[in-house]
Amino acid sequence: MVRCFLIHTVCPVSALGAGESRLLYSRLFGPDEGIFSDRERGLSPEERRLVQKERVAVVARQVRSAVSLSREASARVLGETVPGEEALALQEADSGVVRLRAGDPFSEEMSALWLGVQSLGFTLVCEPHENLLLAESTLRNLARHCLEHLHMLGQGSEVLLRSNRVDALLSRLLPHGQLLFLNHRFAQALEKEVAAYMAK
Amino acid sequence: MYSHGADSLIKQARDIQESELQKFYSRLVKLLQGKELGHEAVDSLQRLHLILSATKYTRTLPPELQKRVQSLLSSPKEHFQVLSSAVLRETLPLSGQEGNYNQENISQLNTHAAALLLSQAGSRADLSSLCAQLLRSLESRQSEGPAHSLTHTLPILNTILTLSPECLTADHVTLLSKKLVDWLRYASITQGGGASSGGFFTGPRSRQPVPTAELDGAVSGDFFTVLCVGQGFTEDQWMNVYSFSMLRHWLLTYHSVSSGNGTADIANRLQLSLSLSHSFSNDDRSEVDGSVVSMVSATSSSGRLLPPKERLREKSFQYCLRLIEQSDRKAHKKTDTDLQKACLVEAVCILDCVCEEDASLVFRAFPCIKALFGRLSSDLSFARVLLPIAQFYLNHGEMAAVDCESVWKLVFGRFPAELFNDHFLAHELLRFLRLNLKSLQHRVPQYTRSFPNLLKFLAWDSPAVVDDFVDLLPSLVTAGTAVELLHTLLDLPCLSATLVLQVRSTCLPISEPGGRGLQSPDAYRNPSFRGLFLFLLRGDAGSGDTIDRLSTLHELLAETADWPRVVQCAQTVPLLLHIFFNTVITGADEKLLSHLILVMLERSSLLLNIPEYSKEIHRVFSSHLLRFCKLRPSLVVDQSHELLEFAGATANVYSKEEIYTHVVWVLGEYLSVSCDSRCSVGLITSCFEALEAVLFEITSSVPPPGADCPAPRVITTLMSTLAKLASRSHDLIPRVSLFLSKLRTLTRGGSVAWCSDEEDLVAIVTRGEELWSLLKAPGVAQSVLTPPPHVTTPQWHRDTNVAMPLRLRALTSLTHSQ
């Protein structure tokens, strides 16, 4: 299953200082793995929440450095895209995988798939035996919907002020972290529901 | 894109004042009391969510607000369900109001409320009861619940299964296996609602059930799968998708569920499952809608006699074979073509999984897997499908006595050679190697030989895969490969540069000024240098450890030293060298260690000239040279000729200070009869003379142009080494003494050309004086400069007669009592 989905900033963004990054959206699926670990069982709910938040922050940091190293290596110049050019932005996006070792930050090994759309990073943390081909296309699909429905290529802050749209999207395309084998007809049916949600 | 406005929103949310927050809370409570909740409520809840989620510390909502938000979970409007679930996930449940994991109507919860319940589960017991309730709802008739209740049940179960398989009992496994069989194999094969697209003129009569279609448009002739399309889908077709999506994980985990229950109740379970299957076959008829399905299930009625787990295995097997067959169809949509690939991966993995459990299936699966391999192996765009196939061959090839040669040729040959720049393939292939390391080493001899190829992944994308190589490298080090592997690791930055050149030469037309007047692309295309690059790009080990014209290659690639990819690669090499040497030393084959010392000496001056790279490599060499000699002191006598040659070259003092110092120290420490009986006076004398000449030269002349003064550490090490050697051959003592006294006179003036720092000079002279006085008493000098082992590695604390700890304790208690 997918353990979490994140949207965060990746490369230096003009709105942020160097080395700073922001988590714009995060969704952990399923129960907190802390309740199964001996180390974390004794923690209070507040502490457990803190640990969870830290876990997510670690993933975002690791992905951010992976993205910047990968961009540095490929020496590719990022083109600017504006709202309306979501498809182009996705086409030009770079992507990769980060191996998260067991214990850092999840108790088991994980694979973090990332998609870098200019200064935005979309990340899926999956269990490593997951079908990464499916995860990859799901991630692309999610990113496309987020870019479109939250107008993320623009200057607005809808990703913060309309995060319920991402929640609704995830509940269809990645319910409780389950990757789905959806052919275009099934996908269309779900997308129709999503569109109806967004329209209200 | 992320704007200043967005950032200030996050900051505001984090820094909000308590009084302001309280005001916001009470306003929100009032707002939520209203009958009709509109946009304003949505916006406020959304802001509340931002305030709660922007900080990592927990904020507590006033109980009144918490209750109001909680009640929205069952609101008829989805926006409120989503938002209340999101808000409550960021808070803690009120004490005494923790989610009720036993409630009967759990199955009626909408997916957002269920997500909240899951995320707030505080113990395994909570999950167990949640699981039990969900399964009960599966068991009972589902039509009462809202339409989507079942679709999210499977993902939730899968989540629980992932984190805590113990929550499921054997009965659950039986039940769920049964349900999965029904959904996978017996979903309707006619299109669901909205299928009649006839328009105005179509009367009710033409609303006949339309069969589902294949991706290429043909009418489906067999049971429904995720690769079937229609205008609309029935509920059981949706369940088919959900079932297949969780199937592999279920097959992988379900035996871990029941294995804990012991063997005593197997008979019990068998009986139960039989009675269950009986009740289900009665039940079945009412569950399926459409007579065709009943016909299909009737034809496979013999399968009904199998126990549920075996039956699920059988049906999964059939489902996968059908998917593989369906993946050969030409899909109209690109997304469906991608889905076909993902389905192939999944199908092969599931086949592997069921064969693992039931070996008799291997013989039924192999013809299909073989055919699939034959169909895909020539098309590298299917590489990621071919990996699970390779896994299948590895797991079952031996049993089925199948020749796997062509599979390994692909995995260790073409994949790394041609797809080194595919991040995902690299990740998956290296994971495949990590997981199967034992059997690969045991069964696939190509594995260790293919390291020049495998290292291409590392050379191309070092930061992403270095972690995998940390785990894999030890398995690649064997007595036969070690020397070549060391050379290859040292030239990894060259390989990185070459791969960049290779990619560029295939991507860019030759006329294009691809590299701003660079000479390396020309060199890459130049036939006279072809051999050099081909050696770097070789796929297999065994064609020689390295090449003669390495320095030419380094010159050709000199301009690549600041290419980011090359620099990143160079930064990982020291780490890998440490792992390499640590592995080699555990084998401790003396002949190999000896050979590696020679390679280190030779390669210390033959490296691609990247700033810091040589320094780092010298540091690694030094520390491992020391460890080698400590472990096997006789190595120093074995290799004395080469070590002396290295230590006798004055130029090395300036260019390789680190490693030079260590070589000199090693000579002084281990060139002694107590380490190796072969160590003759003649050997000690010739070593002494070589080092003496160097020390004399560097302390009597100006450093060569471009070089810094020799490090004080080199000079003191040389002095100590000479003193050590002299203490072992007393005839040499006068020569050292003479030199040391001269040194003192020379430096009396205060400044010398070979040492710019006054303090350093004082330290050097002091060290000289100490050694000089020590050598005045040769017997003492020997025991100080070449102490016997029992002095250097004292074990007094273990000697009960000396009882050092006892005395120490007595002394401590005395001092403490004062």
# chains A, B, ... in the order shown; residues from 1 in each chain; ligands from 1
call {"tool": "select_by_dssp", "arguments": {"residues": "stretch 389-546 of chain B", "states": "helix (DSSP H, G or I)", "output": "ChimeraX atom specification"}}
result
/B:389-396,405-419,423-435,437-443,446-449,451-460,462-476,482-490,492-507,520-525,527-536
call {"tool": "residues_around", "arguments": {"residues": "stretch 66-81 of chain B", "least_positions_apart": "3", "cutoff": "8 Å", "atoms": "only C-alpha atoms", "output": "PyMOL selection string"}}
result
(chain A and resi 164+197) or (chain B and resi 29+32-33+42+61-63+84-85+87-88+94+109-110+112-113)
call {"tool": "write_last_selection", "arguments": {"atoms": "N, CA, C and O atoms", "output": "tab-separated table (two decimals), in the first residue's frame"}}
result
chain	number	residue	atom	x	y	z
A	164	ASN	N	-9.11	20.27	0.91
A	164	ASN	CA	-10.14	19.22	0.91
A	164	ASN	C	-10.31	18.63	-0.49
A	164	ASN	O	-10.74	17.50	-0.64
A	197	TYR	N	-17.42	16.94	-7.49
A	197	TYR	CA	-17.03	17.45	-6.17
A	197	TYR	C	-16.44	18.85	-6.29
A	197	TYR	O	-16.76	19.76	-5.53
B	29	VAL	N	-17.97	27.83	16.01
B	29	VAL	CA	-19.03	27.08	16.70
B	29	VAL	C	-20.39	27.66	16.31
B	29	VAL	O	-21.32	26.94	15.96
B	32	LEU	N	-21.37	26.83	12.83
B	32	LEU	CA	-21.76	25.43	12.63
B	32	LEU	C	-23.10	25.10	13.29
B	32	LEU	O	-23.66	24.04	13.06
B	33	GLN	N	-23.57	26.02	14.13
B	33	GLN	CA	-24.89	25.78	14.74
B	33	GLN	C	-26.01	26.00	13.73
B	33	GLN	O	-27.09	25.50	13.89
B	42	VAL	N	-17.53	26.05	4.89
B	42	VAL	CA	-16.46	25.29	4.23
B	42	VAL	C	-15.15	26.04	4.36
B	42	VAL	O	-14.12	25.47	4.75
B	61	LEU	N	-8.93	21.47	20.38
B	61	LEU	CA	-10.13	22.24	20.08
B	61	LEU	C	-11.00	22.30	21.33
B	61	LEU	O	-11.01	21.35	22.13
B	62	PRO	N	-11.78	23.37	21.48
B	62	PRO	CA	-12.76	23.37	22.57
B	62	PRO	C	-13.74	22.22	22.35
B	62	PRO	O	-14.10	21.95	21.19
B	63	PRO	N	-14.16	21.55	23.44
B	63	PRO	CA	-15.01	20.35	23.29
B	63	PRO	C	-16.25	20.62	22.44
B	63	PRO	O	-16.64	19.79	21.62
B	84	SER	N	-14.33	17.58	7.93
B	84	SER	CA	-14.34	17.22	9.35
B	84	SER	C	-13.36	16.08	9.59
B	84	SER	O	-12.64	16.09	10.60
B	85	SER	N	-13.29	15.15	8.66
B	85	SER	CA	-12.32	14.06	8.82
B	85	SER	C	-10.90	14.62	8.84
B	85	SER	O	-10.07	14.26	9.69
B	87	VAL	N	-9.90	17.70	9.63
B	87	VAL	CA	-9.66	18.48	10.84
B	87	VAL	C	-9.43	17.55	12.02
B	87	VAL	O	-8.47	17.71	12.78
B	88	LEU	N	-10.28	16.55	12.16
B	88	LEU	CA	-10.18	15.68	13.33
B	88	LEU	C	-8.92	14.81	13.28
B	88	LEU	O	-8.40	14.43	14.32
B	94	LEU	N	-11.28	13.59	21.98
B	94	LEU	CA	-11.55	13.97	23.36
B	94	LEU	C	-11.44	12.73	24.24
B	94	LEU	O	-11.82	11.64	23.82
B	109	LEU	N	-20.29	3.54	7.71
B	109	LEU	CA	-19.52	4.78	7.73
B	109	LEU	C	-19.07	5.14	6.32
B	109	LEU	O	-18.74	4.26	5.53
B	110	ASN	N	-19.06	6.43	6.04
B	110	ASN	CA	-18.52	6.81	4.74
B	110	ASN	C	-17.00	6.71	4.79
B	110	ASN	O	-16.39	6.59	5.85
B	112	HIS	N	-14.60	8.72	4.46
B	112	HIS	CA	-13.84	9.74	5.18
B	112	HIS	C	-13.90	9.52	6.69
B	112	HIS	O	-12.91	9.69	7.38
B	113	ALA	N	-15.08	9.10	7.17
B	113	ALA	CA	-15.20	8.80	8.59
B	113	ALA	C	-14.36	7.57	8.93
B	113	ALA	O	-13.70	7.51	9.97
call {"tool": "closest_residue", "arguments": {"among": "A:Asp167, A:Glu92, A:Glu130, A:Glu20", "to": "A:Leu180", "atoms": "only C-alpha atoms"}}
result
A:Glu130
call {"tool": "closest_atom_pairs", "arguments": {"of": "chain B", "to": "chain A", "cutoff": "7 Å", "atoms": "only C-alpha atoms", "output": "CSV"}}
result
residue,atom,partner,partner_atom,distance
B:Met1,CA,A:Leu153,CA,4.9
B:Tyr2,CA,A:Gln155,CA,6.7
B:Ser3,CA,A:Gln155,CA,5.6
B:His4,CA,A:Ala15,CA,4.8
B:Gly5,CA,A:Ser157,CA,7.0
B:Ala6,CA,A:Ser157,CA,4.9
B:Asp7,CA,A:Ala15,CA,7.0
B:Gln46,CA,A:Leu161,CA,6.0
B:Arg47,CA,A:Leu161,CA,6.6
B:Leu50,CA,A:Leu160,CA,6.7
B:Lys56,CA,A:Leu50,CA,5.7
B:Tyr57,CA,A:Leu50,CA,6.4
B:Thr58,CA,A:Glu46,CA,6.0
B:Val82,CA,A:Asn164,CA,6.2
B:Leu83,CA,A:Asn164,CA,6.0
B:Ala115,CA,A:His176,CA,6.9
B:Leu118,CA,A:Pro31,CA,5.1
B:Ser119,CA,A:Pro31,CA,4.3
B:Gln120,CA,A:Pro31,CA,6.6
B:Ala121,CA,A:Pro31,CA,6.0
B:Gly122,CA,A:Ile35,CA,6.3
B:Ser123,CA,A:Ile35,CA,5.9
B:His152,CA,A:Pro175,CA,6.8
B:Pro155,CA,A:Gln178,CA,5.6
B:Ile156,CA,A:His176,CA,6.2
B:Thr159,CA,A:Gly30,CA,5.8
B:Leu163,CA,A:Glu33,CA,6.8
B:Val226,CA,A:Phe181,CA,6.5
B:Leu227,CA,A:Asn183,CA,6.4
B:Val229,CA,A:Arg185,CA,6.1
B:Gly230,CA,A:Arg185,CA,6.8
B:Val241,CA,A:Phe181,CA,6.4
B:Tyr242,CA,A:Leu180,CA,6.7
B:Ser245,CA,A:Leu180,CA,5.4
B:Thr335,CA,A:His184,CA,6.7
B:Asp336,CA,A:Asn183,CA,5.7
B:Leu339,CA,A:Asn183,CA,6.7
B:Ala342,CA,A:Leu133,CA,5.5
B:Glu346,CA,A:Asn131,CA,6.8
B:His423,CA,A:Gly96,CA,5.7
B:Phe424,CA,A:Gly96,CA,6.5
B:His427,CA,A:Val97,CA,7.0
B:Ala464,CA,A:Val98,CA,6.3
B:Pro564,CA,A:Ala73,CA,5.1
B:Arg565,CA,A:Ala73,CA,4.6
call {"tool": "closest_residue", "arguments": {"among": "A:Thr123, A:Ser37, A:Ser107, A:Ser44", "to": "A:Val10", "atoms": "only C-alpha atoms"}}
result
A:Thr123
call {"tool": "residues_around", "arguments": {"residues": "stretch 400-403 of chain B", "least_positions_apart": "3", "cutoff": "12 Å", "atoms": "only C-alpha atoms", "output": "list of chain:residue names"}}
result
B:Cys355, B:Ala359, B:Ser360, B:Leu361, B:Val362, B:Phe363, B:Arg364, B:Ala365, B:Phe366, B:Pro367, B:Ile369, B:Lys370, B:Ala390, B:Phe392, B:Tyr393, B:Leu394, B:Asn395, B:His396, B:Gly397, B:Ser406, B:Val407, B:Trp408, B:Lys409, B:Val444
call {"tool": "write_last_selection", "arguments": {"atoms": "C-alpha atoms", "output": "compact mmCIF listing (two decimals), in the first residue's frame"}}
result
# COMPACT_ATOMS: atom_id res chain seq x y z
CA CYS B 355 3.72 -21.07 -7.46
CA ALA B 359 4.72 -26.09 -6.59
CA SER B 360 2.42 -28.07 -8.84
CA LEU B 361 1.38 -24.80 -10.47
CA VAL B 362 4.95 -24.15 -11.65
CA PHE B 363 4.58 -26.55 -14.52
CA ARG B 364 1.32 -24.97 -15.59
CA ALA B 365 2.70 -21.45 -15.33
CA PHE B 366 6.03 -21.88 -17.05
CA PRO B 367 4.82 -22.29 -20.64
CA ILE B 369 5.91 -17.20 -18.61
CA LYS B 370 8.30 -18.54 -21.22
CA ALA B 390 13.52 -12.90 -14.08
CA PHE B 392 10.08 -16.09 -11.61
CA TYR B 393 12.91 -17.86 -13.43
CA LEU B 394 15.14 -17.48 -10.41
CA ASN B 395 12.57 -18.89 -8.03
CA HIS B 396 11.24 -21.72 -10.15
CA GLY B 397 13.64 -22.26 -13.04
CA SER B 406 19.01 -15.68 -21.83
CA VAL B 407 17.25 -14.12 -18.84
CA TRP B 408 20.55 -13.35 -17.12
CA LYS B 409 22.05 -12.07 -20.33
CA VAL B 444 24.08 -17.24 -11.26
call {"tool": "residues_around", "arguments": {"residues": "stretch 664-672 of chain B", "least_positions_apart": "5", "cutoff": "6 Å", "atoms": "only C-alpha atoms", "output": "list in words"}}
result
Pro633, Cys679, Thr721 and Lys724 of chain B
call {"tool": "residues_around", "arguments": {"residues": "stretch 467-479 of chain B", "least_positions_apart": "3", "cutoff": "7 Å", "atoms": "only C-alpha atoms", "output": "ChimeraX atom specification"}}
result
/B:430,434,448,451,482,576,580,583,592
call {"tool": "write_last_selection", "arguments": {"atoms": "N, CA, C and O atoms", "output": "CSV table (one decimal), in the first residue's frame"}}
result
chain,number,residue,atom,x,y,z
B,430,LEU,N,18.3,-3.0,-8.8
B,430,LEU,CA,19.1,-3.2,-7.6
B,430,LEU,C,18.4,-3.7,-6.4
B,430,LEU,O,19.0,-4.5,-5.6
B,434,ARG,N,19.4,-7.1,-4.4
B,434,ARG,CA,19.5,-7.1,-2.9
B,434,ARG,C,18.7,-8.2,-2.3
B,434,ARG,O,19.2,-8.9,-1.4
B,448,THR,N,28.6,-11.9,-10.2
B,448,THR,CA,29.8,-11.2,-9.8
B,448,THR,C,30.6,-10.7,-10.9
B,448,THR,O,31.2,-9.7,-10.8
B,451,PHE,N,30.1,-6.9,-12.6
B,451,PHE,CA,30.1,-5.7,-11.9
B,451,PHE,C,30.5,-4.4,-12.8
B,451,PHE,O,30.0,-3.3,-12.5
B,482,ALA,N,38.6,-8.9,-7.0
B,482,ALA,CA,39.0,-7.8,-6.2
B,482,ALA,C,39.9,-6.7,-6.9
B,482,ALA,O,39.6,-5.5,-6.8
B,576,LEU,N,32.7,3.8,-1.0
B,576,LEU,CA,32.7,2.5,-1.6
B,576,LEU,C,34.0,1.8,-1.4
B,576,LEU,O,34.1,0.6,-1.1
B,580,PHE,N,34.8,-1.7,0.2
B,580,PHE,CA,35.6,-2.7,-0.5
B,580,PHE,C,36.7,-3.2,0.4
B,580,PHE,O,36.9,-4.4,0.6
B,583,THR,N,35.7,-5.4,3.3
B,583,THR,CA,35.3,-6.7,2.9
B,583,THR,C,36.5,-7.6,2.6
B,583,THR,O,36.6,-8.7,3.0
B,592,LEU,N,46.4,-11.7,-1.9
B,592,LEU,CA,45.5,-10.6,-2.4
B,592,LEU,C,45.9,-9.3,-1.8
B,592,LEU,O,46.0,-8.3,-2.4
